[in-house]
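Structure data (compact mmCIF, C-alpha atoms and all ligand atoms) from structure-v7.txt:
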```
# COMPACT_ATOMS: atom_id res chain seq x y z
CA MET A 1 241.65 204.41 89.88
CA LYS A 2 238.35 202.64 90.51
CA LYS A 3 238.28 198.96 89.58
CA TRP A 4 235.12 199.27 87.49
CA PHE A 5 236.73 202.06 85.48
CA MET A 6 239.83 199.95 84.81
CA VAL A 7 237.63 197.08 83.53
CA LEU A 8 235.67 199.44 81.27
CA LEU A 9 238.89 200.94 79.91
CA ALA A 10 240.33 197.47 79.22
CA VAL A 11 237.17 196.45 77.33
CA LEU A 12 237.23 199.65 75.26
CA LEU A 13 240.92 199.27 74.39
CA LEU A 14 240.66 195.61 73.31
CA PRO A 15 240.84 195.10 69.55
CA PRO A 16 237.37 194.30 68.13
CA ARG A 17 236.66 190.56 67.87
CA VAL A 18 236.23 189.64 64.23
CA ALA A 19 234.44 186.34 63.72
CA PRO A 20 236.50 184.25 61.28
CA ALA A 21 234.67 183.99 57.97
CA GLN A 22 234.57 180.94 55.77
CA THR A 23 236.79 180.71 52.72
CA ILE A 24 236.37 178.71 49.54
CA PHE A 25 239.02 177.20 47.29
CA GLN A 26 238.15 175.52 44.00
CA SER A 27 240.38 173.52 41.68
CA GLY A 28 238.67 171.61 38.90
CA GLN A 29 236.00 169.34 40.36
CA ARG A 30 237.25 169.81 43.94
CA ILE A 31 235.69 172.53 46.12
CA ARG A 32 237.14 173.05 49.61
CA ILE A 33 235.07 175.06 52.07
CA PHE A 34 236.86 176.10 55.27
CA SER A 35 234.57 177.20 58.07
CA PRO A 36 234.79 177.75 61.84
CA LEU A 37 231.43 175.93 62.05
CA VAL A 38 232.92 172.68 60.72
CA THR A 39 234.44 170.43 63.39
CA GLU A 40 235.95 167.64 61.29
CA PRO A 41 236.57 167.11 57.55
CA VAL A 42 233.49 166.00 55.59
CA LYS A 43 233.60 164.91 51.95
CA ILE A 44 230.49 164.95 49.78
CA PHE A 45 230.25 163.97 46.12
CA VAL A 46 227.64 166.02 44.24
CA ILE A 47 226.04 164.45 41.17
CA SER A 48 223.19 165.77 39.01
CA ASP A 49 221.63 165.20 35.58
CA THR A 50 222.79 161.68 34.77
CA HIS A 51 219.70 161.35 32.51
CA LEU A 52 219.54 157.55 32.44
CA PHE A 53 217.34 156.21 29.62
CA ARG A 54 217.24 152.50 30.57
CA SER A 55 213.79 150.88 30.54
CA ASP A 56 212.07 147.51 30.15
CA SER A 57 208.62 146.20 29.17
CA ARG A 58 207.03 147.93 32.17
CA GLU A 59 207.56 151.16 30.22
CA ASP A 60 205.60 149.99 27.16
CA PRO A 61 202.26 151.67 28.11
CA TYR A 62 204.07 155.01 28.56
CA ARG A 63 206.34 155.19 25.52
CA SER A 64 204.29 157.92 23.86
CA TYR A 65 205.16 160.11 26.87
CA SER A 66 208.80 159.08 27.32
CA GLY A 67 209.96 158.50 23.72
CA ARG A 68 211.70 161.83 23.11
CA MET A 69 213.65 161.93 26.38
CA ALA A 70 214.53 158.22 26.03
CA GLN A 71 216.61 159.26 22.99
CA ALA A 72 218.04 162.45 24.44
CA TYR A 73 221.36 161.44 26.03
CA ASN A 74 222.09 157.90 24.81
CA VAL A 75 225.62 158.66 23.61
CA THR A 76 227.41 161.65 25.09
CA ARG A 77 230.87 163.19 25.03
CA HIS A 78 232.85 163.64 28.22
CA PHE A 79 232.92 167.33 29.16
CA LEU A 80 236.68 167.28 29.87
CA THR A 81 238.14 164.69 27.47
CA GLY A 82 235.66 164.90 24.57
CA GLU A 83 235.63 161.08 24.45
CA LYS A 84 232.44 159.16 23.73
CA THR A 85 230.65 157.95 26.84
CA ASN A 86 227.11 157.37 28.13
CA PRO A 87 225.04 158.09 31.27
CA GLU A 88 225.45 154.66 32.92
CA GLU A 89 229.22 154.66 32.43
CA CYS A 90 229.45 158.21 33.81
CA LEU A 91 227.48 157.39 36.97
CA GLN A 92 229.42 154.18 37.57
CA LYS A 93 232.77 155.96 37.20
CA THR A 94 231.72 158.83 39.47
CA VAL A 95 230.44 156.49 42.19
CA ALA A 96 233.66 154.44 41.91
CA LEU A 97 235.67 157.66 42.34
CA ALA A 98 233.60 158.60 45.41
CA VAL A 99 234.46 155.19 46.92
CA GLU A 100 238.16 155.59 46.04
CA ARG A 101 238.30 159.07 47.59
CA GLY A 102 236.51 157.98 50.78
CA ALA A 103 233.39 160.16 50.43
CA ASP A 104 231.19 160.47 53.51
CA ALA A 105 228.03 161.00 51.43
CA ILE A 106 226.79 161.28 47.86
CA ALA A 107 224.18 163.92 46.97
CA LEU A 108 222.06 163.21 43.88
CA LEU A 109 220.41 166.42 42.66
CA GLY A 110 217.83 165.12 40.21
CA ASP A 111 217.35 164.29 36.55
CA MET A 112 218.98 161.00 37.42
CA VAL A 113 216.45 159.48 35.00
CA SER A 114 215.07 161.26 31.93
CA TYR A 115 211.49 160.11 32.75
CA PRO A 116 210.02 158.06 35.63
CA SER A 117 211.42 154.74 34.42
CA GLU A 118 211.10 151.91 36.94
CA ALA A 119 214.13 150.14 35.48
CA GLY A 120 216.15 153.37 35.69
CA VAL A 121 215.17 154.06 39.30
CA GLU A 122 216.05 150.49 40.32
CA TRP A 123 219.43 150.78 38.62
CA VAL A 124 220.26 154.07 40.39
CA LYS A 125 219.31 152.59 43.76
CA SER A 126 221.28 149.37 43.28
CA THR A 127 224.34 151.23 41.96
CA LEU A 128 224.36 153.64 44.91
CA ASP A 129 223.55 150.96 47.50
CA ALA A 130 226.49 148.88 46.23
CA SER A 131 228.87 151.80 46.91
CA GLY A 132 228.40 151.46 50.67
CA ILE A 133 228.36 155.28 50.94
CA PRO A 134 225.27 156.99 52.42
CA TRP A 135 223.46 158.69 49.53
CA PHE A 136 220.61 161.16 49.31
CA TYR A 137 218.39 162.22 46.43
CA THR A 138 216.05 165.01 45.39
CA ASN A 139 213.91 165.33 42.26
CA GLY A 140 214.77 167.21 39.09
CA ASN A 141 212.24 168.39 36.53
CA HIS A 142 212.58 165.27 34.34
CA ASP A 143 212.58 162.42 36.89
CA TRP A 144 208.77 162.55 37.24
CA HIS A 145 207.86 164.15 33.89
CA TYR A 146 205.97 162.25 31.18
CA GLU A 147 205.70 164.60 28.23
CA GLY A 148 202.16 165.37 27.14
CA MET A 149 200.45 163.80 30.15
CA GLU A 150 197.36 165.65 31.43
CA GLY A 151 197.71 167.50 34.73
CA THR A 152 199.49 170.36 36.44
CA GLU A 153 203.21 170.15 37.12
CA SER A 154 202.56 169.95 40.85
CA GLU A 155 200.00 167.12 40.50
CA LEU A 156 202.18 165.10 38.13
CA ARG A 157 205.25 165.54 40.34
CA ASP A 158 203.30 164.27 43.36
CA PHE A 159 201.79 161.35 41.46
CA TRP A 160 204.93 160.02 39.80
CA THR A 161 207.09 160.65 42.86
CA ARG A 162 204.67 158.46 44.80
CA GLU A 163 204.41 155.83 42.05
CA ARG A 164 208.03 155.52 40.93
CA LEU A 165 210.58 157.68 42.78
CA LEU A 166 209.93 156.98 46.46
CA PRO A 167 212.67 154.27 46.65
CA LEU A 168 215.24 157.01 45.96
CA PHE A 169 213.96 159.12 48.87
CA GLN A 170 214.56 156.23 51.33
CA GLY A 171 211.75 157.28 53.66
CA HIS A 172 212.46 161.03 53.63
CA ASP A 173 209.86 163.68 52.75
CA PRO A 174 210.37 164.33 49.01
CA LYS A 175 209.47 168.03 49.29
CA LEU A 176 212.23 168.90 51.77
CA TYR A 177 214.29 166.88 54.20
CA SER A 178 217.50 167.18 56.20
CA VAL A 179 220.13 164.68 57.22
CA GLU A 180 223.28 165.06 59.30
CA VAL A 181 226.68 163.91 58.16
CA LYS A 182 229.55 164.33 60.66
CA GLY A 183 227.86 167.32 62.28
CA VAL A 184 226.93 169.08 59.02
CA LYS A 185 223.27 169.41 58.06
CA LEU A 186 222.47 168.59 54.44
CA ILE A 187 219.12 169.99 53.29
CA PHE A 188 217.46 168.56 50.17
CA LEU A 189 214.76 170.68 48.50
CA ASP A 190 212.63 169.63 45.51
CA ASN A 191 212.23 172.72 43.30
CA GLY A 192 211.78 170.72 40.08
CA ILE A 193 208.71 172.78 39.17
CA TYR A 194 210.76 176.01 39.78
CA GLU A 195 208.14 177.26 42.23
CA ILE A 196 208.29 176.71 46.00
CA LEU A 197 205.27 175.61 48.04
CA PRO A 198 204.40 177.34 51.35
CA GLU A 199 205.09 174.13 53.32
CA GLN A 200 208.56 173.92 51.75
CA LEU A 201 209.37 177.50 52.78
CA SER A 202 208.26 176.89 56.34
CA ALA A 203 210.18 173.56 56.50
CA PHE A 204 213.28 175.35 55.17
CA ARG A 205 213.01 178.10 57.79
CA ASP A 206 212.86 175.41 60.49
CA ALA A 207 215.77 173.49 58.96
CA VAL A 208 218.14 176.50 58.92
CA LYS A 209 217.56 177.54 62.54
CA GLY A 210 220.71 177.47 64.64
CA LYS A 211 224.35 178.15 63.78
CA GLN A 212 225.23 174.61 62.70
CA ALA A 213 227.08 174.22 59.37
CA LYS A 214 224.59 173.49 56.56
CA LEU A 215 224.48 172.94 52.82
CA LEU A 216 221.41 173.23 50.60
CA PHE A 217 220.89 170.94 47.61
CA SER A 218 218.22 171.48 44.95
CA HIS A 219 217.96 170.53 41.30
CA ILE A 220 217.33 174.02 39.94
CA PRO A 221 219.67 176.87 40.94
CA PHE A 222 218.20 180.02 42.46
CA TYR A 223 218.42 183.43 40.84
CA ALA A 224 221.71 185.24 40.98
CA PRO A 225 222.78 188.02 38.60
CA GLY A 226 224.18 186.45 35.44
CA TYR A 227 222.15 183.25 35.65
CA SER A 228 219.70 182.18 32.92
CA PRO A 229 216.00 182.83 33.59
CA HIS A 230 215.66 179.02 33.88
CA THR A 231 216.28 179.36 37.62
CA SER A 232 213.98 179.56 40.65
CA ALA A 233 212.93 183.10 41.65
CA HIS A 234 214.57 184.68 38.58
CA PRO A 235 212.70 187.95 37.90
CA ASP A 236 212.62 187.10 34.16
CA TRP A 237 211.29 183.53 34.69
CA GLY A 238 207.85 183.25 33.05
CA LEU A 239 205.95 182.77 29.84
CA ALA A 240 208.20 185.14 27.84
CA THR A 241 211.33 183.07 28.62
CA ASP A 242 209.76 179.58 28.53
CA ASN A 243 211.20 178.30 25.26
CA ASN A 244 210.71 174.60 26.10
CA TYR A 245 207.06 174.09 27.01
CA GLN A 246 206.01 173.03 23.51
CA ILE A 247 208.77 170.49 23.01
CA GLU A 248 208.40 169.20 26.60
CA ARG A 249 204.58 169.17 26.17
CA ARG A 250 203.80 170.72 29.55
CA PRO A 251 201.90 173.81 30.73
CA PRO A 252 203.86 177.04 30.08
CA TRP A 253 205.34 179.04 32.95
CA PRO A 254 202.99 181.76 34.24
CA ALA A 255 203.05 185.16 32.50
CA GLU A 256 203.29 186.90 35.88
CA GLY A 257 206.62 185.24 36.76
CA PRO A 258 207.69 183.61 40.03
CA GLY A 259 205.23 183.56 42.93
CA LYS A 260 205.68 185.33 46.26
CA VAL A 261 206.58 182.14 48.17
CA THR A 262 209.37 181.38 45.69
CA LYS A 263 210.74 184.91 46.07
CA ASP A 264 210.48 184.59 49.84
CA MET A 265 212.46 181.34 49.65
CA TRP A 266 215.20 183.21 47.78
CA LYS A 267 215.32 185.79 50.59
CA ALA A 268 215.31 183.01 53.21
CA ILE A 269 218.32 181.37 51.53
CA LEU A 270 220.26 184.63 51.56
CA LYS A 271 219.39 185.24 55.20
CA ALA A 272 220.53 181.73 56.19
CA CYS A 273 224.03 182.23 54.73
CA GLY A 274 227.18 183.60 56.33
CA LYS A 275 227.19 183.60 60.12
CA ASN A 276 223.81 181.83 60.12
CA GLY A 277 225.52 178.66 58.94
CA LEU A 278 224.40 177.96 55.35
CA LEU A 279 227.88 177.53 53.87
CA ALA A 280 226.87 177.05 50.22
CA THR A 281 224.11 175.85 47.91
CA PHE A 282 224.49 173.26 45.13
CA SER A 283 222.31 172.61 42.08
CA GLY A 284 222.38 171.09 38.60
CA HIS A 285 219.78 171.56 35.84
CA LEU A 286 221.77 173.94 33.63
CA HIS A 287 224.23 171.12 32.79
CA SER A 288 227.27 173.43 33.06
CA GLU A 289 229.61 174.38 35.87
CA MET A 290 228.84 177.79 37.35
CA HIS A 291 229.66 179.62 40.55
CA SER A 292 228.19 182.84 41.89
CA ASP A 293 228.70 184.84 45.07
CA VAL A 294 225.94 187.16 46.24
CA GLY A 295 227.28 188.63 49.47
CA PRO A 296 227.69 185.65 51.84
CA TRP A 297 225.71 183.30 49.57
CA HIS A 298 227.89 180.92 47.49
CA GLN A 299 226.04 179.00 44.78
CA PHE A 300 227.58 176.20 42.72
CA THR A 301 226.03 174.52 39.69
CA VAL A 302 227.51 171.16 38.72
CA ALA A 303 228.08 169.98 35.13
CA ALA A 304 225.71 167.22 33.97
CA ASN A 305 226.81 163.76 35.08
CA CYS A 306 225.73 162.34 31.69
CA VAL A 307 228.87 164.03 30.35
CA GLY A 308 231.00 163.11 33.36
CA GLY A 309 230.29 166.10 35.65
CA TYR A 310 230.48 165.96 39.44
CA TYR A 311 231.87 167.95 42.38
CA GLU A 312 233.97 166.63 45.22
CA VAL A 313 233.06 169.01 48.06
CA ILE A 314 235.27 168.96 51.14
CA LEU A 315 234.24 170.85 54.27
CA GLU A 316 237.16 171.54 56.57
CA PRO A 317 237.54 173.19 59.98
CA MET A 318 239.08 176.64 59.96
CA GLU A 319 241.96 176.96 62.39
FE FE A 401 218.90 167.83 33.18
```

Write out the structure in this file as structure tokens.
Ligand SMILES: [Fe+2]
Amino acid sequence: MKKWFMVLLAVLLLPPRVAPAQTIFQSGQRIRIFSPLVTEPVKIFVISDTHLFRSDSREDPYRSYSGRMAQAYNVTRHFLTGEKTNPEECLQKTVALAVERGADAIALLGDMVSYPSEAGVEWVKSTLDASGIPWFYTNGNHDWHYEGMEGTESELRDFWTRERLLPLFQGHDPKLYSVEVKGVKLIFLDNGIYEILPEQLSAFRDAVKGKQAKLLFSHIPFYAPGYSPHTSAHPDWGLATDNNYQIERRPPWPAEGPGKVTKDMWKAILKACGKNGLLATFSGHLHSEMHSDVGPWHQFTVAANCVGGYYEVILEPME
């Protein structure tokens, strides 16, 4: 028999090569993601919605804008034990746990402060710096929001990020930036106004190129069936479902719903998952633990840290 025919026959008779898929195991606050794209174990603590209310005399000119949120989460109850606690105690305990467990990085997903308090921002930075663990931050919808202040959401986010929140970004681009931790790319996206800007979509498309293992962190979750309309790209997001704009004294969401760029970002996230390397996405905002799977896209929402919430995410190689 001809040699070329033997080779062809051998190729045809070989069992099809199935690329090993990732698997996910969750137990309480611990999420283990096993992936062939991960080369060594990586541990990341995920924290969102601490809602610190600390301030000092520098806040005095702004108290008419920050008064309501400054009272919002002063005394809380731990989401597991029901015991009385408070935002500062919760953040300190979570950071101490991250140190004890040997975390490689801490991801802060916004609403760390309930308004752009200088004292609050300084306290977050000093608390995280003291941990000795690399930490990364993105904005929520409250960090930069002064209720009742004139301006569009986008303008006010830009202004107060520049004025107060830049120390938390540590030189990174607040809109979207990536860092690498032990070979895994961590992408931080600011979607605190729900909508995505064209430059964020194009930066995201660049960031997800290549088959490297990646995680996406944003404050607000993205639409998945079952989620509240208070999520980015949700088809029901809009004026009809905006039940907070009066109390938060901000412009209402648009009657026409999410914009095209935001919907395109949703599609780009889905496309980046699975074999393209985006292992999972993490958000906060809704203050409760949630998990959804849409095909290869795994989305986790962490419980608010002001009631003790956090995730310990461990990426592990798949044998
Ligand atoms: Fe929040």

Open item on the list: Could you list, as an MDAnalysis selection string, every residue within 12 Å of Gly210 in chain A, counting all atoms listed in the file and ignoring same-chain residues fewer than 6 positions away?
Closed with: chainID A and resid 37 184:185 272:273 275:278

Please produce an output containing C-alpha atoms for each residue in the selection, written as a JSON list (two decimals), in the frame of the given file.
```json
[["chain", "number", "residue", "atom", "x", "y", "z"],
["A", 37, "LEU", "CA", 231.43, 175.93, 62.05],
["A", 184, "VAL", "CA", 226.93, 169.08, 59.02],
["A", 185, "LYS", "CA", 223.27, 169.41, 58.06],
["A", 272, "ALA", "CA", 220.53, 181.73, 56.19],
["A", 273, "CYS", "CA", 224.03, 182.23, 54.73],
["A", 275, "LYS", "CA", 227.19, 183.60, 60.12],
["A", 276, "ASN", "CA", 223.81, 181.83, 60.12],
["A", 277, "GLY", "CA", 225.52, 178.66, 58.94],
["A", 278, "LEU", "CA", 224.40, 177.96, 55.35]]
```

Counting all atoms listed in the file, which residues in chain A sit no more than 10 Å from ligand FE 401 (chain A)? For each one, give the nearest pair of atoms and the distance in Å, sorted by chain then residue number, as JSON lines.
```
{"residue": "A:Ser48", "atom": "CA", "partner": "A:FE401", "partner_atom": "FE", "distance": 7.5}
{"residue": "A:Asp49", "atom": "CA", "partner": "A:FE401", "partner_atom": "FE", "distance": 4.5}
{"residue": "A:Thr50", "atom": "CA", "partner": "A:FE401", "partner_atom": "FE", "distance": 7.4}
{"residue": "A:His51", "atom": "CA", "partner": "A:FE401", "partner_atom": "FE", "distance": 6.6}
{"residue": "A:Tyr73", "atom": "CA", "partner": "A:FE401", "partner_atom": "FE", "distance": 9.9}
{"residue": "A:Leu109", "atom": "CA", "partner": "A:FE401", "partner_atom": "FE", "distance": 9.7}
{"residue": "A:Gly110", "atom": "CA", "partner": "A:FE401", "partner_atom": "FE", "distance": 7.6}
{"residue": "A:Asp111", "atom": "CA", "partner": "A:FE401", "partner_atom": "FE", "distance": 5.1}
{"residue": "A:Met112", "atom": "CA", "partner": "A:FE401", "partner_atom": "FE", "distance": 8.0}
{"residue": "A:Val113", "atom": "CA", "partner": "A:FE401", "partner_atom": "FE", "distance": 8.9}
{"residue": "A:Ser114", "atom": "CA", "partner": "A:FE401", "partner_atom": "FE", "distance": 7.7}
{"residue": "A:Gly140", "atom": "CA", "partner": "A:FE401", "partner_atom": "FE", "distance": 7.2}
{"residue": "A:Asn141", "atom": "CA", "partner": "A:FE401", "partner_atom": "FE", "distance": 7.5}
{"residue": "A:His142", "atom": "CA", "partner": "A:FE401", "partner_atom": "FE", "distance": 6.9}
{"residue": "A:Asp143", "atom": "CA", "partner": "A:FE401", "partner_atom": "FE", "distance": 9.1}
{"residue": "A:His219", "atom": "CA", "partner": "A:FE401", "partner_atom": "FE", "distance": 8.6}
{"residue": "A:Ile220", "atom": "CA", "partner": "A:FE401", "partner_atom": "FE", "distance": 9.3}
{"residue": "A:Gly284", "atom": "CA", "partner": "A:FE401", "partner_atom": "FE", "distance": 7.2}
{"residue": "A:His285", "atom": "CA", "partner": "A:FE401", "partner_atom": "FE", "distance": 4.7}
{"residue": "A:Leu286", "atom": "CA", "partner": "A:FE401", "partner_atom": "FE", "distance": 6.8}
{"residue": "A:His287", "atom": "CA", "partner": "A:FE401", "partner_atom": "FE", "distance": 6.3}
{"residue": "A:Ala303", "atom": "CA", "partner": "A:FE401", "partner_atom": "FE", "distance": 9.6}
{"residue": "A:Ala304", "atom": "CA", "partner": "A:FE401", "partner_atom": "FE", "distance": 6.9}
{"residue": "A:Asn305", "atom": "CA", "partner": "A:FE401", "partner_atom": "FE", "distance": 9.1}
{"residue": "A:Cys306", "atom": "CA", "partner": "A:FE401", "partner_atom": "FE", "distance": 8.9}
```

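Atom pair CA of Leu215 in chain A / CA of Glu180 in chain A: separated by 10.3 Å.
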
Task: Nearby residues, (210.2, 157.5, 42.8) file frame, 10 Å, only C-alpha atoms, as a ChimeraX atom specification - done: /A:116-118,121-122,138-139,143-144,157-170,174

Open item on the list: For a test of reading the model, state the distance in Å between CA of Glu59 in chain A and CA of Arg250 in chain A, rounded to one decimal.
Closed with: 19.9 Å

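Minimum distance to Lys214 in chain A across A:Ala21, A:Val124, A:Ile269, A:Val307 (counting all atoms listed in the file) occurs at A:Ile269.
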
Task: Distance of CA of Ser57 in chain A from CA of Arg77 in chain A, expressed in Å to one decimal place - done: 28.3 Å

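Distances from A:Leu270, A:Val46, A:Ile106, A:Met69 to Asp129 in chain A were compared using all atoms listed in the file, and the smallest one belongs to A:Ile106.
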
Task: Selection near Tyr65 in chain A, 8 Å with all atoms listed in the file, sequence-local residues under 4 positions removed, as a ChimeraX atom specification - done: /A:146-149

TODO: Using all atoms listed in the file, find the one residue out of A:Ile193, A:Ser55, A:Ile44, A:Pro198 that sits nearest to Pro134 in chain A.
DONE: A:Ile44

Open item on the list: Given the point (214.9, 183.5, 53.4) in the coordinates of this file, which residues lie within 12 Å, counting all atoms listed in the file, and how would they look as number ranges by chain?
Closed with: A: 200-209, 222, 233, 260-273, 276, 278, 297

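Closest approach to Glu312 in chain A among A:Tyr223, A:Phe188, A:Phe45, A:Phe136: A:Phe45, based on all atoms listed in the file.
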
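With only C-alpha atoms as the atoms that count, the residue of A:Pro317, A:His234, A:Met290, A:Asp190 with the shortest distance to Pro41 in chain A is A:Pro317.
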
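If all atoms listed in the file are the atoms counted, then among A:His145, A:Gly102, A:Leu108, A:Lys43 the closest residue to Ala70 in chain A is A:His145.
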